[in-house]
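Enquirer: What follows is target03.cif, made up of mmCIF, C-alpha atoms and all ligand atoms:
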data_model
loop_
_atom_site.label_atom_id
_atom_site.label_comp_id
_atom_site.auth_asym_id
_atom_site.auth_seq_id
_atom_site.Cartn_x
_atom_site.Cartn_y
_atom_site.Cartn_z
CA MET A 108 -63.52 29.13 -6.25
CA GLU A 109 -63.98 28.13 -9.86
CA ASN A 110 -62.98 24.50 -10.52
CA PHE A 111 -62.08 23.89 -6.87
CA ASP A 112 -64.12 20.66 -7.03
CA ASP A 113 -62.27 19.43 -10.10
CA TRP A 114 -59.46 17.04 -9.17
CA ARG A 115 -57.46 17.90 -12.28
CA TRP A 116 -57.61 21.59 -11.37
CA GLN A 117 -56.41 20.67 -7.87
CA LEU A 118 -53.44 18.77 -9.32
CA ARG A 119 -52.61 21.48 -11.84
CA ASN A 120 -52.68 24.13 -9.13
CA ARG A 121 -50.58 22.36 -6.53
CA ILE A 122 -48.20 24.63 -4.66
CA ARG A 123 -44.77 23.22 -5.48
CA THR A 124 -42.31 25.96 -4.55
CA PRO A 125 -41.04 27.55 -1.32
CA GLU A 126 -42.30 30.94 -2.59
CA GLY A 127 -45.80 29.49 -3.04
CA LEU A 128 -45.84 28.23 0.56
CA ARG A 129 -44.37 31.49 1.90
CA LYS A 130 -47.33 33.39 0.42
CA TYR A 131 -49.76 31.33 2.51
CA PHE A 132 -47.72 30.90 5.71
CA LYS A 133 -46.59 34.41 6.64
CA ASN A 134 -45.09 33.69 10.06
CA LEU A 135 -42.78 30.76 9.34
CA THR A 136 -40.68 29.49 12.22
CA GLU A 137 -36.91 29.44 11.89
CA ASP A 138 -37.01 25.63 11.48
CA GLU A 139 -39.64 25.92 8.69
CA GLU A 140 -37.81 28.78 6.95
CA LYS A 141 -34.56 26.78 6.96
CA GLY A 142 -36.51 23.74 5.75
CA LEU A 143 -37.94 25.66 2.82
CA SER A 144 -34.48 26.84 1.82
CA LEU A 145 -32.52 23.61 2.33
CA VAL A 146 -34.74 20.52 2.55
CA VAL A 147 -36.27 21.13 -0.87
CA LYS A 148 -32.89 20.35 -2.43
CA GLN A 149 -33.25 16.76 -1.19
CA PHE A 150 -36.96 16.05 -0.87
CA PRO A 151 -39.94 17.20 -2.92
CA ILE A 152 -42.60 19.58 -1.66
CA GLY A 153 -46.13 19.96 -2.96
CA VAL A 154 -49.68 20.42 -1.73
CA THR A 155 -53.13 20.66 -3.28
CA PRO A 156 -55.03 23.93 -2.72
CA TYR A 157 -57.69 21.86 -0.91
CA TYR A 158 -55.29 20.37 1.66
CA LEU A 159 -53.42 23.67 2.04
CA ASN A 160 -56.72 25.32 3.06
CA LEU A 161 -56.95 22.92 6.01
CA ALA A 162 -53.65 24.18 7.40
CA ASP A 163 -53.52 27.00 9.92
CA PRO A 164 -51.42 29.84 8.45
CA GLU A 165 -50.82 31.27 11.94
CA ASP A 166 -50.16 28.22 14.07
CA PRO A 167 -46.93 26.23 13.55
CA SER A 168 -48.29 23.39 15.69
CA CYS A 169 -51.22 22.78 13.28
CA PRO A 170 -51.20 19.03 12.47
CA VAL A 171 -51.94 19.61 8.78
CA ARG A 172 -49.29 22.31 8.47
CA ARG A 173 -46.74 19.91 9.98
CA GLN A 174 -47.49 17.40 7.23
CA ILE A 175 -46.93 20.02 4.51
CA ILE A 176 -44.06 22.37 5.41
CA PRO A 177 -40.56 20.92 5.51
CA THR A 178 -38.49 21.70 8.57
CA TYR A 179 -34.73 21.64 8.92
CA SER A 180 -35.11 18.65 11.29
CA GLU A 181 -35.68 16.51 8.15
CA ILE A 182 -32.01 16.81 7.22
CA ASP A 183 -30.40 17.94 10.47
CA PRO A 184 -27.54 15.45 11.05
CA LYS A 185 -28.00 15.88 14.81
CA VAL A 186 -31.61 14.63 14.51
CA GLN A 187 -31.49 12.10 11.67
CA THR A 188 -28.89 10.03 13.47
CA SER A 189 -30.26 6.50 13.61
CA CYS A 190 -30.32 5.82 9.88
CA ASP A 191 -28.16 5.88 6.81
CA PRO A 192 -29.10 8.64 4.35
CA ASN A 193 -27.55 6.63 1.52
CA ALA A 194 -29.30 3.35 2.26
CA LEU A 195 -31.84 2.42 -0.36
CA GLU A 196 -34.78 0.05 -0.06
CA GLU A 197 -34.07 -3.29 -1.60
CA GLU A 198 -34.98 -3.26 -5.29
CA GLY A 199 -36.73 -6.24 -6.85
CA GLN A 200 -35.58 -7.87 -10.09
CA ILE A 201 -38.33 -6.16 -12.05
CA PRO A 202 -38.60 -2.38 -11.84
CA HIS A 203 -41.74 -1.08 -10.10
CA LEU A 204 -42.57 -4.53 -8.66
CA THR A 205 -41.86 -5.74 -5.11
CA HIS A 206 -42.53 -9.35 -4.19
CA ARG A 207 -41.56 -9.72 -0.55
CA TYR A 208 -44.24 -12.10 0.80
CA PRO A 209 -45.18 -15.22 -1.18
CA ASP A 210 -48.87 -14.42 -1.71
CA ARG A 211 -48.66 -10.65 -2.24
CA ALA A 212 -47.03 -8.31 -4.75
CA LEU A 213 -46.72 -4.54 -4.81
CA VAL A 214 -46.89 -2.62 -8.08
CA THR A 215 -45.92 1.06 -8.08
CA LEU A 216 -47.52 2.81 -11.02
CA THR A 217 -46.20 6.34 -10.53
CA THR A 218 -43.86 8.42 -8.39
CA MET A 219 -46.29 11.35 -8.27
CA CYS A 220 -48.41 12.33 -5.25
CA PRO A 221 -50.94 15.15 -4.83
CA VAL A 222 -49.17 16.15 -1.59
CA TYR A 223 -45.61 15.35 -0.57
CA CYS A 224 -46.14 14.44 3.07
CA ARG A 225 -43.27 15.37 5.35
CA HIS A 226 -43.49 12.04 7.18
CA CYS A 227 -43.50 9.91 4.01
CA MET A 228 -41.57 6.65 4.43
CA ARG A 229 -40.88 6.62 0.68
CA LYS A 230 -39.82 10.23 0.44
CA ARG A 231 -36.62 9.44 -1.45
CA LYS A 232 -38.61 7.59 -4.09
CA VAL A 233 -41.49 9.97 -4.72
CA GLY A 234 -41.78 13.17 -6.68
CA LYS A 235 -38.26 13.56 -8.04
CA PRO A 236 -39.03 13.31 -10.90
CA GLU A 237 -42.79 12.81 -11.19
CA ARG A 238 -43.17 9.92 -13.58
CA ALA A 239 -45.73 7.23 -14.37
CA ILE A 240 -44.68 3.83 -15.65
CA THR A 241 -45.26 3.04 -19.31
CA GLU A 242 -47.27 0.14 -20.75
CA GLU A 243 -43.96 -1.36 -21.92
CA GLU A 244 -42.67 -1.28 -18.33
CA PHE A 245 -45.92 -2.83 -17.12
CA ARG A 246 -45.62 -5.88 -19.42
CA PRO A 247 -42.80 -7.68 -17.48
CA ILE A 248 -44.66 -6.93 -14.23
CA TRP A 249 -47.80 -8.57 -15.62
CA ASP A 250 -45.83 -11.55 -16.95
CA TYR A 251 -44.15 -12.06 -13.56
CA ILE A 252 -47.46 -12.01 -11.69
CA LYS A 253 -49.00 -14.36 -14.27
CA ARG A 254 -46.07 -16.83 -13.90
CA ASN A 255 -46.04 -16.77 -10.08
CA THR A 256 -49.26 -18.53 -9.25
CA GLN A 257 -48.71 -18.25 -5.50
CA ILE A 258 -49.46 -14.51 -5.74
CA ARG A 259 -53.09 -13.97 -4.76
CA GLU A 260 -53.13 -10.31 -3.88
CA VAL A 261 -51.80 -7.28 -5.75
CA LEU A 262 -51.32 -3.94 -4.04
CA ILE A 263 -51.42 -1.04 -6.49
CA SER A 264 -49.49 1.85 -5.07
CA GLY A 265 -47.14 4.73 -5.93
CA GLY A 266 -46.59 7.58 -5.30
CA ASP A 267 -50.32 7.71 -5.52
CA PRO A 268 -51.94 5.65 -8.28
CA LEU A 269 -55.10 7.79 -8.21
CA VAL A 270 -53.21 10.68 -9.86
CA LEU A 271 -53.27 8.63 -13.06
CA SER A 272 -56.09 9.25 -15.49
CA THR A 273 -59.04 6.94 -14.93
CA GLU A 274 -58.34 5.43 -18.35
CA LYS A 275 -54.75 4.47 -17.44
CA LEU A 276 -55.65 3.20 -14.00
CA ALA A 277 -58.51 1.15 -15.46
CA TYR A 278 -56.18 -0.35 -18.05
CA TYR A 279 -53.71 -1.61 -15.41
CA ILE A 280 -56.35 -2.91 -13.01
CA ARG A 281 -58.35 -4.65 -15.77
CA GLU A 282 -55.14 -6.31 -16.98
CA ILE A 283 -54.30 -7.56 -13.48
CA LYS A 284 -57.85 -8.81 -13.02
CA LYS A 285 -57.43 -11.01 -16.11
CA ILE A 286 -54.94 -13.17 -14.18
CA ASP A 287 -56.90 -16.12 -12.79
CA HIS A 288 -55.02 -16.60 -9.52
CA ILE A 289 -55.39 -12.95 -8.43
CA GLU A 290 -58.13 -12.92 -5.83
CA VAL A 291 -57.63 -9.53 -4.20
CA ILE A 292 -56.71 -6.08 -5.48
CA ARG A 293 -55.82 -3.39 -3.03
CA ILE A 294 -55.27 0.28 -3.91
CA GLY A 295 -53.02 2.25 -1.56
CA THR A 296 -53.97 5.91 -1.91
CA ARG A 297 -54.02 9.08 0.14
CA THR A 298 -56.36 10.87 -2.29
CA PRO A 299 -59.45 10.51 -0.04
CA VAL A 300 -57.54 12.69 2.48
CA ILE A 301 -55.59 15.15 0.33
CA LEU A 302 -57.61 15.20 -2.91
CA PRO A 303 -61.15 14.01 -2.10
CA GLN A 304 -62.35 15.65 -5.34
CA ARG A 305 -60.88 12.62 -7.15
CA PHE A 306 -63.97 10.73 -6.02
CA TYR A 307 -66.38 13.24 -7.52
CA ASP A 308 -65.31 11.93 -10.94
CA GLU A 309 -68.17 9.90 -12.43
CA ASP A 310 -65.88 7.90 -14.75
CA LEU A 311 -63.73 6.78 -11.84
CA LEU A 312 -66.78 5.86 -9.75
CA ARG A 313 -68.25 3.82 -12.63
CA PHE A 314 -64.93 2.02 -13.01
CA LEU A 315 -64.66 1.29 -9.27
CA GLU A 316 -68.16 -0.18 -9.39
CA GLU A 317 -67.19 -2.35 -12.36
CA VAL A 318 -64.14 -3.85 -10.59
CA SER A 319 -65.65 -4.13 -7.11
CA PRO A 320 -64.41 -5.41 -4.76
CA VAL A 321 -61.12 -3.58 -4.65
CA TRP A 322 -59.88 -2.68 -1.18
CA VAL A 323 -59.15 1.02 -0.87
CA VAL A 324 -56.51 1.56 1.80
CA THR A 325 -56.04 5.18 2.76
CA HIS A 326 -54.08 7.24 5.27
CA PHE A 327 -55.78 9.68 7.65
CA ASN A 328 -53.57 10.94 10.48
CA HIS A 329 -55.68 13.53 12.28
CA PRO A 330 -59.38 14.27 12.94
CA LYS A 331 -58.91 17.70 11.31
CA GLU A 332 -58.61 15.87 7.98
CA ILE A 333 -62.19 14.63 8.11
CA THR A 334 -64.11 17.35 6.28
CA GLU A 335 -67.39 17.59 4.38
CA GLU A 336 -65.46 16.97 1.12
CA VAL A 337 -63.98 13.81 2.63
CA LYS A 338 -67.40 12.61 3.77
CA THR A 339 -68.70 13.03 0.22
CA ALA A 340 -65.69 11.19 -1.23
CA VAL A 341 -66.05 8.30 1.22
CA ARG A 342 -69.82 8.08 0.57
CA ASN A 343 -69.14 7.96 -3.18
CA ILE A 344 -66.55 5.19 -2.81
CA ARG A 345 -68.83 3.17 -0.58
CA LYS A 346 -71.67 3.46 -3.12
CA THR A 347 -69.39 1.68 -5.61
CA GLY A 348 -69.37 -1.34 -3.28
CA ASN A 349 -65.73 -1.08 -2.25
CA PRO A 350 -64.50 -1.22 1.34
CA ILE A 351 -62.21 1.50 2.75
CA LEU A 352 -59.56 0.84 5.38
CA ASN A 353 -57.26 3.33 7.06
CA GLN A 354 -53.62 3.22 8.07
CA THR A 355 -52.43 5.93 10.46
CA VAL A 356 -48.78 6.60 11.28
CA LEU A 357 -47.98 7.59 14.85
CA LEU A 358 -46.28 10.99 14.49
CA LYS A 359 -44.72 13.13 17.17
CA GLY A 360 -46.36 16.55 17.36
CA ILE A 361 -49.18 15.52 15.01
CA ASN A 362 -51.23 12.75 16.55
CA ASP A 363 -49.27 11.33 19.50
CA SER A 364 -52.03 11.83 22.03
CA PRO A 365 -54.67 9.34 23.20
CA LEU A 366 -57.51 11.88 22.86
CA THR A 367 -56.53 12.83 19.29
CA MET A 368 -56.40 9.19 18.26
CA GLU A 369 -59.70 8.44 19.97
CA GLU A 370 -61.36 11.29 18.07
CA LEU A 371 -59.76 10.22 14.77
CA PHE A 372 -60.87 6.60 15.01
CA ARG A 373 -64.38 7.55 16.18
CA LYS A 374 -64.76 9.91 13.23
CA LEU A 375 -63.42 7.37 10.76
CA ILE A 376 -65.78 4.63 11.80
CA ALA A 377 -68.68 7.11 11.76
CA ILE A 378 -68.07 7.91 8.08
CA GLY A 379 -67.56 4.25 7.13
CA VAL A 380 -63.77 3.89 7.14
CA LYS A 381 -62.33 1.02 9.19
CA PRO A 382 -59.19 1.86 11.21
CA TYR A 383 -56.85 -0.95 10.14
CA TYR A 384 -53.26 -0.25 11.22
CA LEU A 385 -51.62 2.27 13.50
CA PHE A 386 -48.00 2.12 12.37
CA HIS A 387 -45.04 2.99 14.51
CA CYS A 388 -42.94 5.45 12.51
CA ASP A 389 -39.94 3.76 10.83
CA PRO A 390 -36.36 5.00 11.37
CA ILE A 391 -36.01 6.34 7.86
CA TYR A 392 -33.76 9.24 6.94
CA GLY A 393 -35.84 12.40 6.82
CA VAL A 394 -38.56 11.07 9.10
CA VAL A 395 -36.80 10.24 12.37
CA HIS A 396 -37.91 13.51 14.01
CA PHE A 397 -41.51 12.26 13.90
CA ARG A 398 -40.72 9.10 15.92
CA THR A 399 -42.04 8.59 19.43
CA PRO A 400 -41.00 5.97 21.96
CA ILE A 401 -43.00 2.74 21.66
CA GLU A 402 -44.52 3.46 25.08
CA VAL A 403 -46.46 6.38 23.55
CA GLY A 404 -48.21 4.02 21.13
CA LEU A 405 -48.82 1.40 23.81
CA LYS A 406 -50.39 4.05 26.05
CA ILE A 407 -52.67 5.16 23.20
CA MET A 408 -53.75 1.56 22.59
CA SER A 409 -54.58 1.00 26.29
CA HIS A 410 -56.56 4.24 26.28
CA LEU A 411 -58.55 3.08 23.23
CA ARG A 412 -59.16 -0.41 24.58
CA GLY A 413 -61.52 0.69 27.31
CA ARG A 414 -63.31 3.33 25.29
CA LEU A 415 -63.81 2.34 21.65
CA SER A 416 -65.65 -0.62 20.18
CA GLY A 417 -63.45 -3.27 18.55
CA LEU A 418 -64.65 -2.01 15.18
CA ALA A 419 -62.89 1.33 15.73
CA GLN A 420 -59.58 -0.08 16.99
CA PRO A 421 -56.58 -0.46 14.70
CA VAL A 422 -53.74 -2.91 15.17
CA TYR A 423 -50.59 -1.14 16.43
CA ALA A 424 -47.68 -2.51 14.41
CA LEU A 425 -44.05 -2.03 13.53
CA ASP A 426 -42.33 -2.91 10.27
CA LEU A 427 -39.23 -4.90 11.19
CA PRO A 428 -36.03 -3.99 9.35
CA GLY A 429 -34.57 -6.25 6.67
CA GLY A 430 -37.93 -7.30 5.20
CA LYS A 431 -38.82 -9.37 8.27
CA GLY A 432 -42.44 -8.26 8.17
CA LYS A 433 -44.72 -6.56 10.65
CA VAL A 434 -45.06 -7.31 14.32
CA VAL A 435 -48.04 -6.35 16.39
CA LEU A 436 -46.97 -4.04 19.19
CA SER A 437 -48.36 -4.92 22.54
CA PRO A 438 -46.60 -5.93 25.74
CA GLN A 439 -47.20 -9.60 24.77
CA TYR A 440 -45.25 -9.36 21.51
CA LEU A 441 -42.31 -7.44 22.90
CA LEU A 442 -40.21 -10.34 24.22
CA LYS A 443 -37.76 -8.25 26.20
CA ARG A 444 -36.10 -4.89 26.31
CA GLU A 445 -32.55 -3.88 27.28
CA GLY A 446 -32.12 -0.13 27.18
CA LYS A 447 -32.68 0.89 23.56
CA LYS A 448 -32.67 -2.72 22.33
CA HIS A 449 -36.07 -4.30 21.79
CA TYR A 450 -36.59 -8.00 20.95
CA PHE A 451 -39.58 -9.17 18.90
CA ARG A 452 -40.59 -12.47 17.35
CA ASP A 453 -41.16 -12.10 13.59
CA TYR A 454 -43.71 -14.03 11.50
CA THR A 455 -41.27 -16.92 10.93
CA GLY A 456 -40.72 -17.35 14.69
CA GLU A 457 -37.23 -15.86 14.63
CA VAL A 458 -36.28 -13.40 17.37
CA VAL A 459 -35.39 -10.00 15.91
CA GLU A 460 -33.42 -7.30 17.71
CA TYR A 461 -34.41 -3.74 16.96
CA GLU A 462 -32.78 -0.69 18.52
CA PHE A 463 -34.67 2.56 19.05
S1 LIG B 501 -49.29 10.51 -0.42
FE1 LIG B 501 -48.37 8.67 0.49
S2 LIG B 501 -46.65 8.11 -0.86
FE2 LIG B 501 -47.25 10.24 -1.34
S3 LIG B 501 -45.92 11.52 -0.08
FE3 LIG B 501 -47.80 11.20 1.10
S4 LIG B 501 -47.37 9.39 2.36
FE4 LIG B 501 -45.83 9.45 0.73
#
What do you get writing this file as structure tokens?
Expert:
Amino acid sequence: MENFDDWRWQLRNRIRTPEGLRKYFKNLTEDEEKGLSLVVKQFPIGVTPYYLNLADPEDPSCPVRRQIIPTYSEIDPKVQTSCDPNALEEEGQIPHLTHRYPDRALVTLTTMCPVYCRHCMRKRKVGKPERAITEEEFRPIWDYIKRNTQIREVLISGGDPLVLSTEKLAYYIREIKKIDHIEVIRIGTRTPVILPQRFYDEDLLRFLEEVSPVWVVTHFNHPKEITEEVKTAVRNIRKTGNPILNQTVLLKGINDSPLTMEELFRKLIAIGVKPYYLFHCDPIYGVVHFRTPIEVGLKIMSHLRGRLSGLAQPVYALDLPGGKGKVVLSPQYLLKREGKKHYFRDYTGEVVEYEF
């Protein structure tokens, strides 16, 4: 198809309406049909033509399809029970900047994503409306980072920052690089998975080479996502001298099987992407239906231990509530369990109770 390899064409031609999805998926399930009518009032939908083509129009259990089509479970009060739909993530003092750990800061440059993933942990913050920050809004962020000399690492995220023009992205990253105490820049982006054509853009590749090393942290969830286009994108990124790491989220009905995860991590390492984290799905409104018991993740990790080289093994982790940081999930870190209550030790040494 004309322009299919052009990332701007992919963004311009995203499918953003229930009618658009209905044209491709003829045999929607009742849950999907209800999702398309009702969920869209609360959460955004959207998919690039490229990623849509990976979905099976006939099979509702397709792992790509499940990441694209909303289902009623996302808002069903009987399912989304363990979380408060009105709770908001803690806002920092400066808009679009989060400074939770002393040495790291997160800057969110836009609310726009190429695909609105059904399992997104930030689904109440993305896409509605799609908006990039302005240079005026960036100034106080830059001043804050400059003043706080304990910050060594800046994570550039979104939405997805790679939807910005190369010129805009380059402006923000070059500005951050001017700050002497910033040693590491990390870009959190799902574009290698859902819009690999972004990395066919020569201007972007030249810029990535100029600022190398930046750590590209991406988000593959299933081996079906590793296509020829992805291999080209990853090869292009690696030629710019920048490392690529992957974070997978453990998702019920998508990748909650040891064999699927084994195949995913083998394929990632073969194309030059290091599996970094396997995250346990957080109890966030709109996402709870994708959660598995912790035992599912532990079983996957034991399966991988005997079969994959250390290079291909991610760390299985859980984000503790209340900004208490991540804990590694393994029987050693789980201090005790009483029914649904789990007790972990956080990074400060404090024991944290977490019910699920
Ligand atoms: S690309 Fe990332 S931030 Fe955007 S919807 Fe998907 S998971 Fe969320």
Enquirer: Pull the neighbourhood of (-49.0, 18.8, -3.0) for me: all residues within 10 Å in file coordinates, counting all atoms listed in the file, as a PyMOL selection string.
Expert: chain A and resi 117-124+151-159+175+219-224+234+301-302
Enquirer: Let me have all residues with an atom within 12 Å of ligand LIG 501 (chain B), counting all atoms listed in the file, laid out as number ranges by chain.
Expert: A: 150-155, 158, 174-175, 215-235, 237, 263-270, 294-302, 324-328, 354-356, 388, 394
Enquirer: Around the point (-58.8, 16.7, 12.3), in the coordinates given by the file, pick out the residues reaching within 12 Å, counting all atoms listed in the file, and return them as a ChimeraX atom specification.
Expert: /A:158,161-163,169-172,300,327-335,337,361-362,366-375
Enquirer: Find the spatial neighbours of region 407-410 of chain A, counting all atoms listed in the file, within a cut-off of 10 Å - ignore same-chain residues fewer than 6 positions away - and output them as a list in words.
Expert: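 Counting only the stated atoms, we get Leu357, Asp363, Ser364, Pro365, Leu366, Thr367, Met368, Glu369, Leu385, Gln420, Pro421, Val422, Tyr423, Leu436 and Ser437 of chain A.
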Enquirer: Mind writing the picked residues with C-alpha atoms as an mmCIF file, in the frame of the given file?
Expert:
data_model
loop_
_atom_site.group_PDB
_atom_site.id
_atom_site.type_symbol
_atom_site.label_atom_id
_atom_site.label_comp_id
_atom_site.auth_asym_id
_atom_site.auth_seq_id
_atom_site.Cartn_x
_atom_site.Cartn_y
_atom_site.Cartn_z
ATOM 1 C CA LEU A 357 -47.980 7.590 14.850
ATOM 2 C CA ASP A 363 -49.270 11.330 19.500
ATOM 3 C CA SER A 364 -52.030 11.830 22.030
ATOM 4 C CA PRO A 365 -54.670 9.340 23.200
ATOM 5 C CA LEU A 366 -57.510 11.880 22.860
ATOM 6 C CA THR A 367 -56.530 12.830 19.290
ATOM 7 C CA MET A 368 -56.400 9.190 18.260
ATOM 8 C CA GLU A 369 -59.700 8.440 19.970
ATOM 9 C CA LEU A 385 -51.620 2.270 13.500
ATOM 10 C CA GLN A 420 -59.580 -0.080 16.990
ATOM 11 C CA PRO A 421 -56.580 -0.460 14.700
ATOM 12 C CA VAL A 422 -53.740 -2.910 15.170
ATOM 13 C CA TYR A 423 -50.590 -1.140 16.430
ATOM 14 C CA LEU A 436 -46.970 -4.040 19.190
ATOM 15 C CA SER A 437 -48.360 -4.920 22.540
#
Enquirer: Calculate how many Å separate CA of Phe397 (chain A) from CA of Lys185 (chain A), rounding to one decimal.
Expert: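 The value is 14.0 Å.
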Enquirer: Can you work out the spacing between CA of Gly393 (chain A) and CA of Lys359 (chain A) in Å, to one decimal?
Expert: 13.7 Å
Enquirer: So which one's closest to Glu260 (chain A), A:Pro184, A:Pro303, A:Pro209, A:Pro390? Using only C-alpha atoms, please.
Expert: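 Of all the options, A:Pro209 lies closest to Glu260 (chain A).
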Enquirer: Using only C-alpha atoms, which protein or nucleic acid residues come within 12 Å of His288 (chain A)? Drop anything in the same chain fewer than 3 positions from it, and give the result as a PyMOL selection string.
Expert: chain A and resi 210-211+252-261+283-285+291-292
Enquirer: When you count all atoms listed in the file, which of these residues is closest to Lys141 (chain A): A:Pro177, A:Gly127, A:Gly413, A:Pro167?
Expert: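 Selected residue with least distance to Lys141 (chain A): A:Pro177.
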Enquirer: Tell me, as a JSON list (two decimals) with C-alpha atoms, keeping the file's coordinate frame, which residues lie within 12 Å of region 438-455 of chain A, counting all atoms listed in the file; anything in the same chain fewer than 3 positions away does not count.
Expert:
[["chain", "number", "residue", "atom", "x", "y", "z"],
["A", 189, "SER", "CA", -30.26, 6.50, 13.61],
["A", 208, "TYR", "CA", -44.24, -12.10, 0.80],
["A", 400, "PRO", "CA", -41.00, 5.97, 21.96],
["A", 401, "ILE", "CA", -43.00, 2.74, 21.66],
["A", 402, "GLU", "CA", -44.52, 3.46, 25.08],
["A", 404, "GLY", "CA", -48.21, 4.02, 21.13],
["A", 405, "LEU", "CA", -48.82, 1.40, 23.81],
["A", 406, "LYS", "CA", -50.39, 4.05, 26.05],
["A", 408, "MET", "CA", -53.75, 1.56, 22.59],
["A", 409, "SER", "CA", -54.58, 1.00, 26.29],
["A", 423, "TYR", "CA", -50.59, -1.14, 16.43],
["A", 424, "ALA", "CA", -47.68, -2.51, 14.41],
["A", 425, "LEU", "CA", -44.05, -2.03, 13.53],
["A", 426, "ASP", "CA", -42.33, -2.91, 10.27],
["A", 427, "LEU", "CA", -39.23, -4.90, 11.19],
["A", 428, "PRO", "CA", -36.03, -3.99, 9.35],
["A", 429, "GLY", "CA", -34.57, -6.25, 6.67],
["A", 430, "GLY", "CA", -37.93, -7.30, 5.20],
["A", 431, "LYS", "CA", -38.82, -9.37, 8.27],
["A", 432, "GLY", "CA", -42.44, -8.26, 8.17],
["A", 433, "LYS", "CA", -44.72, -6.56, 10.65],
["A", 434, "VAL", "CA", -45.06, -7.31, 14.32],
["A", 435, "VAL", "CA", -48.04, -6.35, 16.39],
["A", 458, "VAL", "CA", -36.28, -13.40, 17.37],
["A", 459, "VAL", "CA", -35.39, -10.00, 15.91],
["A", 460, "GLU", "CA", -33.42, -7.30, 17.71],
["A", 461, "TYR", "CA", -34.41, -3.74, 16.96],
["A", 462, "GLU", "CA", -32.78, -0.69, 18.52],
["A", 463, "PHE", "CA", -34.67, 2.56, 19.05]]
Enquirer: For the atom pair CA of Lys148 (chain A) and CA of Ile182 (chain A), what is the interatomic distance in Å to one decimal place?
Expert: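 So the two atoms, CA of Lys148 (chain A) and CA of Ile182 (chain A), lie 10.3 Å apart.
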Enquirer: Using only C-alpha atoms, determine which residues lie at most 12 Å from Asp310 (chain A), disregarding the query and same-chain residues fewer than 5 positions distant; provide the list as JSON, numbers by chain.
Expert: {"A": [272, 273, 274, 275, 276, 277, 305, 315, 316, 317, 347]}
Enquirer: For Glu139 (chain A), work out the shell of residues within 8 Å, counting all atoms listed in the file and skipping chain neighbours fewer than 2 positions away, then give it as a ChimeraX atom specification.
Expert: /A:135-137,141-143,176-179
Enquirer: Using all atoms listed in the file, find each residue in region 322-418 of chain A having at least one atom no more than 12 Å away from region 109-114 of chain A; report its shortest atom-to-atom pair and that distance in Å (one decimal), rows by chain then rising number, as CSV.
Expert:
residue,atom,partner,partner_atom,distance
A:Glu336,CA,A:Asp112,CA,9.0
A:Val337,CA,A:Asp112,CA,11.8
A:Thr339,CA,A:Asp112,CA,11.5
A:Ala340,CA,A:Asp112,CA,11.2
Enquirer: If you keep C-alpha atoms, can you produce a file of those selected residues as a compact mmCIF listing (two decimals), in the frame of the given file?
Expert:
# COMPACT_ATOMS: atom_id res chain seq x y z
CA GLU A 336 -65.46 16.97 1.12
CA VAL A 337 -63.98 13.81 2.63
CA THR A 339 -68.70 13.03 0.22
CA ALA A 340 -65.69 11.19 -1.23
Enquirer: Considering only C-alpha atoms, can you say which of A:Val186, A:Leu204, A:Val321, A:Leu271 comes closest to Arg345 (chain A)?
Expert: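 Smallest distance to Arg345 (chain A) is found for A:Val321.
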